Amino acid sequence: MTELADFGAEMARIANEMRKESDDAEAALRSMTKFAVDAVPGAEYATVTMVTDGAIETPVMVGHLGGEADRLQRELGEGPCLRAAIGVHTVCIDDMTVETRWPAFAAAAAELGIRSMACFYLYIDGDDSAALNLHSTRSHAFTPDALQVGELFAAHAATTFGAVQEKQQLRAALGTRDIIGQAKGMIMERYRLDADEAFALLARLSQDTNTKLVDVAVQIVEAGPEGD
């Protein structure tokens, strides 16, 4: 396991690996969970809990038990992952068999064989929130040093994930601009309009049909030069 003194250098290496392997946000999350199990002492399984517009999901997981723990929390509406995702702090359960904060979840998780958990808040830009969750079949698996490592890991991982999101959003924006440009060019040629007039027509179609501008552009491009 990585010693605390060397953890900064190790995280720089892991962050670089995540960037190299991850061209999209979901791939970044997969890398994050995989590296977390290796980096944080005591961790056997890992998941990421995301809360988007009030909807709770587990987009990635390492190990079946971790996924089952997240499923239980979604069904019961309680648990440490949900608390960490919206509470901006670390939540630890040392012994699931005596946990009293989330009794229904703790009892069900203990039946699965999960004995301890550590959940770390992940900063996600905007209104979305998330938590990195680590699980163990041993009670008291996460020592104070392990929790410190987990918090450092979560902070670095969130920064890397944010960079991947920005890159993905930029690619999407460039793709949107390209498709709108294609549609505008086709309108200019078909109806003998200048650039401003073609864009105004696109905007009017979007407004009149209550359709996103990019979706209108896609329909025009897919219809082709001879489309109506």
# chains A, B, ... in the order shown; residues from 1 in each chain; ligands from 1
>>> residues_around(residues="Ala155 of chain A", least_positions_apart="5", cutoff="9 Å", atoms="only C-alpha atoms", output="CSV table (one decimal) with C-alpha atoms, in the first residue's frame")
chain,number,residue,atom,x,y,z
A,120,PHE,CA,-15.9,10.4,0.3
A,121,TYR,CA,-17.5,13.4,-1.3
A,122,LEU,CA,-16.6,14.1,-4.9
A,123,TYR,CA,-16.9,17.7,-6.1
A,150,GLY,CA,-9.1,8.3,0.7
A,160,THR,CA,-9.1,14.7,-12.9
>>> residues_around(residues="Met186 of chain A", least_positions_apart="5", cutoff="9 Å", atoms="only C-alpha atoms", output="PyMOL selection string")
chain A and resi 181+191+198+220-221+224-225
>>> write_last_selection(atoms="C-alpha atoms", output="compact mmCIF listing (two decimals), in the first residue's frame")
# COMPACT_ATOMS: atom_id res chain seq x y z
CA GLY A 181 -22.77 25.10 -39.52
CA TYR A 191 -32.84 29.12 -50.38
CA ALA A 198 -29.95 31.15 -42.68
CA ILE A 220 -31.88 19.24 -41.95
CA VAL A 221 -28.49 17.59 -42.46
CA GLY A 224 -29.90 16.05 -47.32
CA PRO A 225 -29.67 18.67 -50.07
>>> residues_around(residues="Leu147 of chain A", least_positions_apart="3", cutoff="9 Å", atoms="only C-alpha atoms", output="CSV table (one decimal) with all heavy atoms, in the first residue's frame")
chain,number,residue,atom,x,y,z
A,40,VAL,N,-6.3,2.8,-1.5
A,40,VAL,CA,-6.7,3.0,-0.2
A,40,VAL,C,-6.7,1.8,0.7
A,40,VAL,O,-7.4,0.8,0.4
A,40,VAL,CB,-8.2,3.6,-0.2
A,40,VAL,CG1,-8.6,3.9,1.3
A,40,VAL,CG2,-8.2,4.9,-1.0
A,41,PRO,N,-5.9,1.8,1.7
A,41,PRO,CA,-5.8,0.6,2.6
A,41,PRO,C,-7.2,0.2,3.1
A,41,PRO,O,-7.9,1.0,3.6
A,41,PRO,CB,-4.9,1.0,3.7
A,41,PRO,CG,-4.1,2.1,3.1
A,41,PRO,CD,-5.0,2.8,2.2
A,90,THR,N,-16.7,13.3,4.6
A,90,THR,CA,-16.4,11.9,4.7
A,90,THR,C,-17.3,11.2,5.7
A,90,THR,O,-17.6,11.7,6.8
A,90,THR,CB,-15.0,11.6,5.0
A,90,THR,OG1,-14.1,12.2,4.0
A,90,THR,CG2,-14.7,10.1,5.1
A,92,CYS,N,-17.9,7.4,7.5
A,92,CYS,CA,-17.3,6.1,7.8
A,92,CYS,C,-18.2,5.2,8.7
A,92,CYS,O,-18.8,5.7,9.7
A,92,CYS,CB,-16.0,6.2,8.4
A,92,CYS,SG,-15.1,4.7,8.7
A,118,ALA,N,-16.4,3.3,3.8
A,118,ALA,CA,-15.9,4.7,3.9
A,118,ALA,C,-16.3,5.4,2.6
A,118,ALA,O,-16.1,4.9,1.5
A,118,ALA,CB,-14.3,4.8,4.0
A,120,PHE,N,-16.6,9.1,0.4
A,120,PHE,CA,-15.9,10.4,0.3
A,120,PHE,C,-16.6,11.2,-0.7
A,120,PHE,O,-16.9,10.8,-1.8
A,120,PHE,CB,-14.4,10.2,-0.2
A,120,PHE,CG,-13.7,9.2,0.7
A,120,PHE,CD1,-13.6,7.9,0.4
A,120,PHE,CD2,-13.0,9.7,1.8
A,120,PHE,CE1,-12.9,7.0,1.2
A,120,PHE,CE2,-12.3,8.8,2.7
A,120,PHE,CZ,-12.3,7.4,2.3
A,142,PHE,N,-11.1,0.6,7.9
A,142,PHE,CA,-10.5,1.9,7.4
A,142,PHE,C,-10.0,2.7,8.6
A,142,PHE,O,-10.7,3.2,9.4
A,142,PHE,CB,-11.6,2.7,6.7
A,142,PHE,CG,-12.1,2.0,5.5
A,142,PHE,CD1,-13.3,1.3,5.5
A,142,PHE,CD2,-11.4,1.9,4.3
A,142,PHE,CE1,-13.8,0.6,4.4
A,142,PHE,CE2,-11.8,1.2,3.2
A,142,PHE,CZ,-13.1,0.6,3.3
A,143,THR,N,-8.7,2.7,8.8
A,143,THR,CA,-8.0,3.4,9.8
A,143,THR,C,-8.0,4.9,9.6
A,143,THR,O,-8.3,5.3,8.4
A,143,THR,CB,-6.5,2.9,10.0
A,143,THR,OG1,-5.8,3.3,8.8
A,143,THR,CG2,-6.5,1.4,10.1
A,144,PRO,N,-7.6,5.7,10.6
A,144,PRO,CA,-7.5,7.2,10.3
A,144,PRO,C,-6.6,7.5,9.1
A,144,PRO,O,-6.9,8.4,8.3
A,144,PRO,CB,-7.0,7.7,11.6
A,144,PRO,CG,-7.6,6.8,12.7
A,144,PRO,CD,-7.5,5.4,12.0
A,150,GLY,N,-7.9,8.2,1.5
A,150,GLY,CA,-9.1,8.3,0.7
A,150,GLY,C,-9.5,9.7,0.4
A,150,GLY,O,-10.0,9.9,-0.7
A,151,GLU,N,-9.4,10.6,1.4
A,151,GLU,CA,-9.8,12.0,1.1
A,151,GLU,C,-8.9,12.6,0.1
A,151,GLU,O,-9.3,13.4,-0.8
A,151,GLU,CB,-9.8,12.7,2.4
A,151,GLU,CG,-11.0,12.3,3.4
A,151,GLU,CD,-10.9,13.0,4.7
A,151,GLU,OE1,-9.8,13.6,5.0
A,151,GLU,OE2,-11.8,12.9,5.5
A,152,LEU,N,-7.6,12.3,0.2
A,152,LEU,CA,-6.7,12.9,-0.8
A,152,LEU,C,-7.0,12.3,-2.2
A,152,LEU,O,-7.0,13.0,-3.2
A,152,LEU,CB,-5.2,12.5,-0.4
A,152,LEU,CG,-4.7,13.3,0.8
A,152,LEU,CD1,-3.3,12.7,1.2
A,152,LEU,CD2,-4.5,14.8,0.4
>>> residues_around(residues="segment 47-49 of chain A", least_positions_apart="4", cutoff="8 Å", atoms="only C-alpha atoms", output="ChimeraX atom specification")
/A:29,33,56-62,66-67,70,81-82,85,130-134
>>> write_last_selection(atoms="C-alpha atoms", output="compact mmCIF listing (two decimals), in the first residue's frame")
# COMPACT_ATOMS: atom_id res chain seq x y z
CA LEU A 29 -15.19 6.98 -13.21
CA THR A 33 -12.97 3.10 -8.77
CA ILE A 56 -29.58 8.49 -7.73
CA GLU A 57 -27.48 6.15 -9.84
CA THR A 58 -24.37 3.99 -9.67
CA PRO A 59 -22.69 4.37 -13.06
CA VAL A 60 -19.62 2.26 -12.20
CA MET A 61 -18.58 -0.31 -9.62
CA VAL A 62 -15.70 -2.61 -8.71
CA GLY A 66 -20.33 -2.69 -3.74
CA GLY A 67 -23.05 -2.51 -6.37
CA ASP A 70 -25.60 1.07 -3.60
CA CYS A 81 -23.10 6.98 0.20
CA LEU A 82 -26.12 9.26 -0.13
CA ALA A 85 -22.74 12.66 -1.89
CA ALA A 130 -21.27 12.37 -6.09
CA ALA A 131 -19.46 10.15 -3.63
CA LEU A 132 -16.65 7.62 -3.94
CA ASN A 133 -17.58 4.62 -1.78
CA LEU A 134 -15.23 1.95 -0.48
>>> residues_around(residues="Met117 of chain A", least_positions_apart="6", cutoff="9 Å", atoms="only C-alpha atoms", output="PyMOL selection string")
chain A and resi 43+80+91-96+133-137+139-142
>>> atom_distance(atom1="atom CA of Arg192 of chain A", atom2="atom CA of Thr209 of chain A")
22.9 Å
>>> closest_residue(among="A:Ala55, A:Ala223, A:Val214, A:Cys119", to="Ala36 of chain A", atoms="only C-alpha atoms")
A:Cys119
